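J.: For reference, the structure I am asking about is given below.
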Amino acid sequence: MWGLVRVLLTWLGGWSCVGRLAAPARAWAGSRGAPGPALLRTRRSWVWNQFFVIEEYAGPEPVLIGKLHSDVDRGEGRTKYLLTGEGAGTVFVIDEATGNIHVTKSLDREEKAQYVLLAQAVDRASNRPLEPPSEFIIKVQDINDNPPIFPLGPYHATVPEMSNVGTSVIQVTAHDADDPSYGNSAKLVYTVLDGLPFFSVDPQTGVVRTAIPNMDRETQEEFLVVIQAKDMGGHMGGLSGSTTVTVTLSDVNDNPPKFPQSLYQFSVVETAGPGTLVGRLRAQDPDLGDNALMAYSILDGEGSEAFSISTDAQGRDGLLTVRKPLDFETRRSYSFRVEATNTLIDPAYLRRGPFKDVASVRVAVQDAPEPPAFTQAAYILAVPENKSPGTLVGQVSAADLDSQASPIRYSILPDTDPEHCFSIEPEDGTIHTAVPLDREARVWHNLTVLATEVDSSAQASRVQVAIQTLDENDNAPQLAEPYDTFVCESAAPGQLIQVLRALDRDEVGNNSRISLQGPLDPDANFTVRDNRDGSASLLLPSRPTPPRQAPYLVPIELWDWGQPALRSTATVTVSVCRCRPDGSVASCRPEAQLSPAGLSTGALLAIITCVGTLLGRSDWNQAAPRLALPAQRPVCASPPALVVLFVALRRQKQEALMVLEEEDVRENIITYDDEGGGEEDTEAFDISALQNPDGAAPPAPGPTARRDVLPWARAPRQPWPPGPADVAQLLALRLRGADDDPSVPPYDSVQVYGYEGRGSSCGSLSSLGSGSEIGGAPGPAEPLDDWGPLFRTLAELYGAKEPPAP
């Protein structure tokens, strides 16, 4: 079956249009198909054009926008038209009988531009589809009801000053919500409402550009430009919107610096030290930021020697400071020129230069009270050592620059001469020694001399005085160290034994030139050869050295070449040792010596006897030692002396053994260097056992504590019974209480009671304060016999009555 749909488009102007659009064919086989292999094909009966409705229409009644009709509708009233989809039943309604479609309210295209609906023809009685459903679109026709807007406005832009004409500043963009594809409702044109003649705007693109050249920021820095966008191509009746563009001219270095005055005058006191600020200079520059940074310099030579100028931290002001000390008496004023120059210069604006300016500066030096000035910045003096006190060292001199006739007083700061080695004359500044000086103890003495005006003690100055102590030959040379060397028994004659070095504390020169000399005896056992460099070689002589057990003592004589020459002697110890083949020492035979320590009485008697025997022999009295040769020691061979010595040593040995045996029986003191546990020791036992139970706090309520740990709460103790106290009963009561207490640990413990009985008439049992009572003082009011049989002996000793004699 073929169907046909007629679409009626109704316009507000009273005219209508009918259009046809063939929809794609689709095979549709009904239940009543023709017999045979051939299939029945049914073409869709809907042919569509789009429906259109004008937006913003607000008529009194619903507006007919179209009509649906199917060729199956014979006009018998059995066909019913249905409409579903977007807005069906609310925005759009359909007449079920005729298929007329109406819009019930005004539509806004900017909210929704089109609606998609589904139309279908069904049997009115059975609702059986007479045609397959088909989709159609209702479009909302646009009208010019939205003005242009600038979503990003207001705008802010920056353009350099002095820009050329046509320099782009910013681009503004407006949006129109109307349909740009229909009519001119969204066609915009840009114009400048305010900001002429400085700026212009491109009508189509909205680009804002400069309209005049050489706009100066220093004249006007900011401009407010109003831009309008109008739709309908800018024609009459179009809607418009506007925005503002704030244009700021950025700075360029187009202005040179300029001093506001041609002459600057400053003054400074002569006592101002280097770096003191004299004054500030500022050259004016209307530019901003880095374009206004300046550098200052002094052009004239005399000004640059006494003063210097620099730029402050902001880079705008010139700081004039003192460069070297000034002197009013020498020069009272300075005149020079100062130049200010921009540090950053733009070559594009050199024609507006030069970018510098010059001003004159005059600085007057003011007189001020000055301290005395020394003739030298520092003094270096010298004095020989060992000179008697009062020796002249030198002289310092200072003068008052303000008044040459003003007297000056000199003194030495005590902390620079703590040993008081020097003195100074207060009137003329001459320095003398106060004690003899020793160059070897101290070479330089650094003093500080103070010069003070007599008329004004506040005016004082200081100077450093270095005094050098000159050397004199006052120290004899000495060996560099004590030499104790050895020589092998098998050493060949002439072998070098030791190089001896000498030192002289005097200064280098003749005073420190040292010579060394050994024994002059040709039969000496050793030879000393001077090396003429402050050292000497100890050699074996050409003849063999006789063997001996005692070491040899070789005398050395040393002298320097000063005026006068000083001499000294020293001794070198040489031991004769047995050496290995490689020359190392195997053993030496030291001289047997008797130690004076630990000699017993028997040993002393033996020595006295031996000495007496030696004194009786005349041959020993005639023996004399030779230089550098050992004397022969006598051997005590007297039989009585040996007997006495043997008996004395035997007795001393027995006495020593007895002392040791007695010392074996003694106490052994063992020291343990262990530290106590502190609080852990005090918590290791129940401290409550040492406290008075009457002062203890009541036990805390709760379940019974564990018996395998130390309880936190103490079980209550039974109070003492009233009346006379029976100590045995009290102890039994306490023992039973400890056994029955469930909170104590399950092991035996010692209960310590650090208190006395309460209310006992017997008082204290201590003997510390009862000495007077034993001698007859009245006893306690309660008889000791009442204490029981355990204290019978105590009652008999302390005041109990004796039983009557039979």
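Labeling convention for the structure tokens: chains A, B, ... as they appear, residues from 1 per chain, ligands from 1 in order of appearance.
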Using DSSP on the backbone, list every residue of region 224-418 of chain A that comes out as helix (DSSP H, G or I), and give them as a list in words.

T.: Met232, Gly233, Gly234, Gly289, Asp290, Asn291, Ala292, Gly301, Glu302, Gly303, Ser304, Glu305, Ala306, Pro347, Ala348, Tyr349, Leu350, Arg351, Arg352, Pro414, Asp415 and Thr416 of chain A

J.: I want to know what sits within 7 Å of region 74-81 of chain A, based on only C-alpha atoms, with residues of the same chain fewer than 4 positions away left out; could you give that as a ChimeraX atom specification?

T.: /A:96-97,99,120-124

J.: If you count only C-alpha atoms, which residues fall within 9 Å of Val207 (chain A), apart from same-chain ones fewer than 5 positions away, as a PyMOL selection string?

T.: chain A and resi 168-173+200-202

J.: For a quick check of understanding, using only C-alpha atoms, which of A:Phe355, A:Phe266, A:Phe328, A:Tyr379 has the smallest distance to Leu293 (chain A)?

T.: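 The answer is A:Phe355, which sits nearest to Leu293 (chain A).
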
J.: Can you pull out every residue within 10 Å of Ile412 (chain A), counting only C-alpha atoms, but drop anything in the same chain fewer than 3 positions away, and send it as an NGL selection string?

T.: :A and (415-417 or 420 or 422-426 or 429 or 431 or 447-451 or 462-463 or 465)

J.: Kindly export the residues of the current selection with N, CA, C and O atoms, as a PDB file, in the first residue's frame.

T.:
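As a result, selection_2.pdb now contains:
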```
ATOM      1  N   ASP A 415      98.055  47.140  79.607  1.00  0.00           N
ATOM      2  CA  ASP A 415      97.824  45.787  79.111  1.00  0.00           C
ATOM      3  C   ASP A 415      98.762  45.414  77.974  1.00  0.00           C
ATOM      4  O   ASP A 415      98.878  44.231  77.636  1.00  0.00           O
ATOM      5  N   THR A 416      99.437  46.385  77.361  1.00  0.00           N
ATOM      6  CA  THR A 416     100.416  46.068  76.321  1.00  0.00           C
ATOM      7  C   THR A 416     101.812  45.852  76.891  1.00  0.00           C
ATOM      8  O   THR A 416     102.691  45.384  76.163  1.00  0.00           O
ATOM      9  N   ASP A 417     102.038  46.177  78.146  1.00  0.00           N
ATOM     10  CA  ASP A 417     103.319  45.932  78.812  1.00  0.00           C
ATOM     11  C   ASP A 417     103.043  45.365  80.194  1.00  0.00           C
ATOM     12  O   ASP A 417     103.271  46.012  81.217  1.00  0.00           O
ATOM     13  N   HIS A 420     105.907  45.258  82.706  1.00  0.00           N
ATOM     14  CA  HIS A 420     106.517  46.556  83.053  1.00  0.00           C
ATOM     15  C   HIS A 420     108.003  46.574  82.683  1.00  0.00           C
ATOM     16  O   HIS A 420     108.880  46.883  83.504  1.00  0.00           O
ATOM     17  N   PHE A 422     109.206  48.525  80.286  1.00  0.00           N
ATOM     18  CA  PHE A 422     109.592  49.829  79.764  1.00  0.00           C
ATOM     19  C   PHE A 422     108.874  50.923  80.539  1.00  0.00           C
ATOM     20  O   PHE A 422     107.841  50.692  81.185  1.00  0.00           O
ATOM     21  N   SER A 423     109.427  52.089  80.419  1.00  0.00           N
ATOM     22  CA  SER A 423     108.830  53.301  81.001  1.00  0.00           C
ATOM     23  C   SER A 423     108.934  54.420  79.963  1.00  0.00           C
ATOM     24  O   SER A 423     109.778  54.376  79.064  1.00  0.00           O
ATOM     25  N   ILE A 424     108.055  55.403  80.074  1.00  0.00           N
ATOM     26  CA  ILE A 424     108.031  56.516  79.124  1.00  0.00           C
ATOM     27  C   ILE A 424     107.949  57.826  79.893  1.00  0.00           C
ATOM     28  O   ILE A 424     107.278  57.915  80.937  1.00  0.00           O
ATOM     29  N   GLU A 425     108.666  58.796  79.390  1.00  0.00           N
ATOM     30  CA  GLU A 425     108.604  60.120  79.994  1.00  0.00           C
ATOM     31  C   GLU A 425     107.295  60.795  79.562  1.00  0.00           C
ATOM     32  O   GLU A 425     107.026  60.934  78.368  1.00  0.00           O
ATOM     33  N   PRO A 426     106.470  61.238  80.503  1.00  0.00           N
ATOM     34  CA  PRO A 426     105.174  61.820  80.123  1.00  0.00           C
ATOM     35  C   PRO A 426     105.315  63.102  79.299  1.00  0.00           C
ATOM     36  O   PRO A 426     104.438  63.407  78.497  1.00  0.00           O
ATOM     37  N   GLY A 429     108.029  61.896  75.719  1.00  0.00           N
ATOM     38  CA  GLY A 429     107.778  60.653  75.006  1.00  0.00           C
ATOM     39  C   GLY A 429     108.978  59.762  74.831  1.00  0.00           C
ATOM     40  O   GLY A 429     108.942  58.865  73.979  1.00  0.00           O
ATOM     41  N   ILE A 431     111.358  56.667  75.651  1.00  0.00           N
ATOM     42  CA  ILE A 431     111.086  55.347  76.215  1.00  0.00           C
ATOM     43  C   ILE A 431     112.398  54.767  76.712  1.00  0.00           C
ATOM     44  O   ILE A 431     113.418  54.792  76.017  1.00  0.00           O
ATOM     45  N   LEU A 447     104.173  47.603  72.139  1.00  0.00           N
ATOM     46  CA  LEU A 447     103.573  48.539  73.083  1.00  0.00           C
ATOM     47  C   LEU A 447     102.581  49.433  72.354  1.00  0.00           C
ATOM     48  O   LEU A 447     102.657  49.629  71.133  1.00  0.00           O
ATOM     49  N   THR A 448     101.633  49.958  73.106  1.00  0.00           N
ATOM     50  CA  THR A 448     100.697  50.969  72.619  1.00  0.00           C
ATOM     51  C   THR A 448     100.891  52.214  73.458  1.00  0.00           C
ATOM     52  O   THR A 448     100.690  52.184  74.683  1.00  0.00           O
ATOM     53  N   VAL A 449     101.321  53.295  72.808  1.00  0.00           N
ATOM     54  CA  VAL A 449     101.576  54.559  73.499  1.00  0.00           C
ATOM     55  C   VAL A 449     100.373  55.461  73.283  1.00  0.00           C
ATOM     56  O   VAL A 449      99.886  55.609  72.147  1.00  0.00           O
ATOM     57  N   LEU A 450      99.909  56.064  74.372  1.00  0.00           N
ATOM     58  CA  LEU A 450      98.753  56.953  74.344  1.00  0.00           C
ATOM     59  C   LEU A 450      99.225  58.389  74.523  1.00  0.00           C
ATOM     60  O   LEU A 450      99.962  58.690  75.470  1.00  0.00           O
ATOM     61  N   ALA A 451      98.807  59.242  73.580  1.00  0.00           N
ATOM     62  CA  ALA A 451      99.116  60.676  73.668  1.00  0.00           C
ATOM     63  C   ALA A 451      97.817  61.422  73.964  1.00  0.00           C
ATOM     64  O   ALA A 451      96.849  61.301  73.209  1.00  0.00           O
ATOM     65  N   ARG A 462      96.399  56.977  69.806  1.00  0.00           N
ATOM     66  CA  ARG A 462      97.275  55.861  70.105  1.00  0.00           C
ATOM     67  C   ARG A 462      98.188  55.580  68.914  1.00  0.00           C
ATOM     68  O   ARG A 462      97.858  55.901  67.774  1.00  0.00           O
ATOM     69  N   VAL A 463      99.318  54.943  69.236  1.00  0.00           N
ATOM     70  CA  VAL A 463     100.245  54.528  68.199  1.00  0.00           C
ATOM     71  C   VAL A 463     100.905  53.235  68.653  1.00  0.00           C
ATOM     72  O   VAL A 463     101.115  53.013  69.860  1.00  0.00           O
ATOM     73  N   VAL A 465     104.070  50.810  68.996  1.00  0.00           N
ATOM     74  CA  VAL A 465     105.526  50.899  69.102  1.00  0.00           C
ATOM     75  C   VAL A 465     106.048  49.479  69.248  1.00  0.00           C
ATOM     76  O   VAL A 465     105.718  48.785  70.226  1.00  0.00           O
TER      77      VAL A 465
END
```
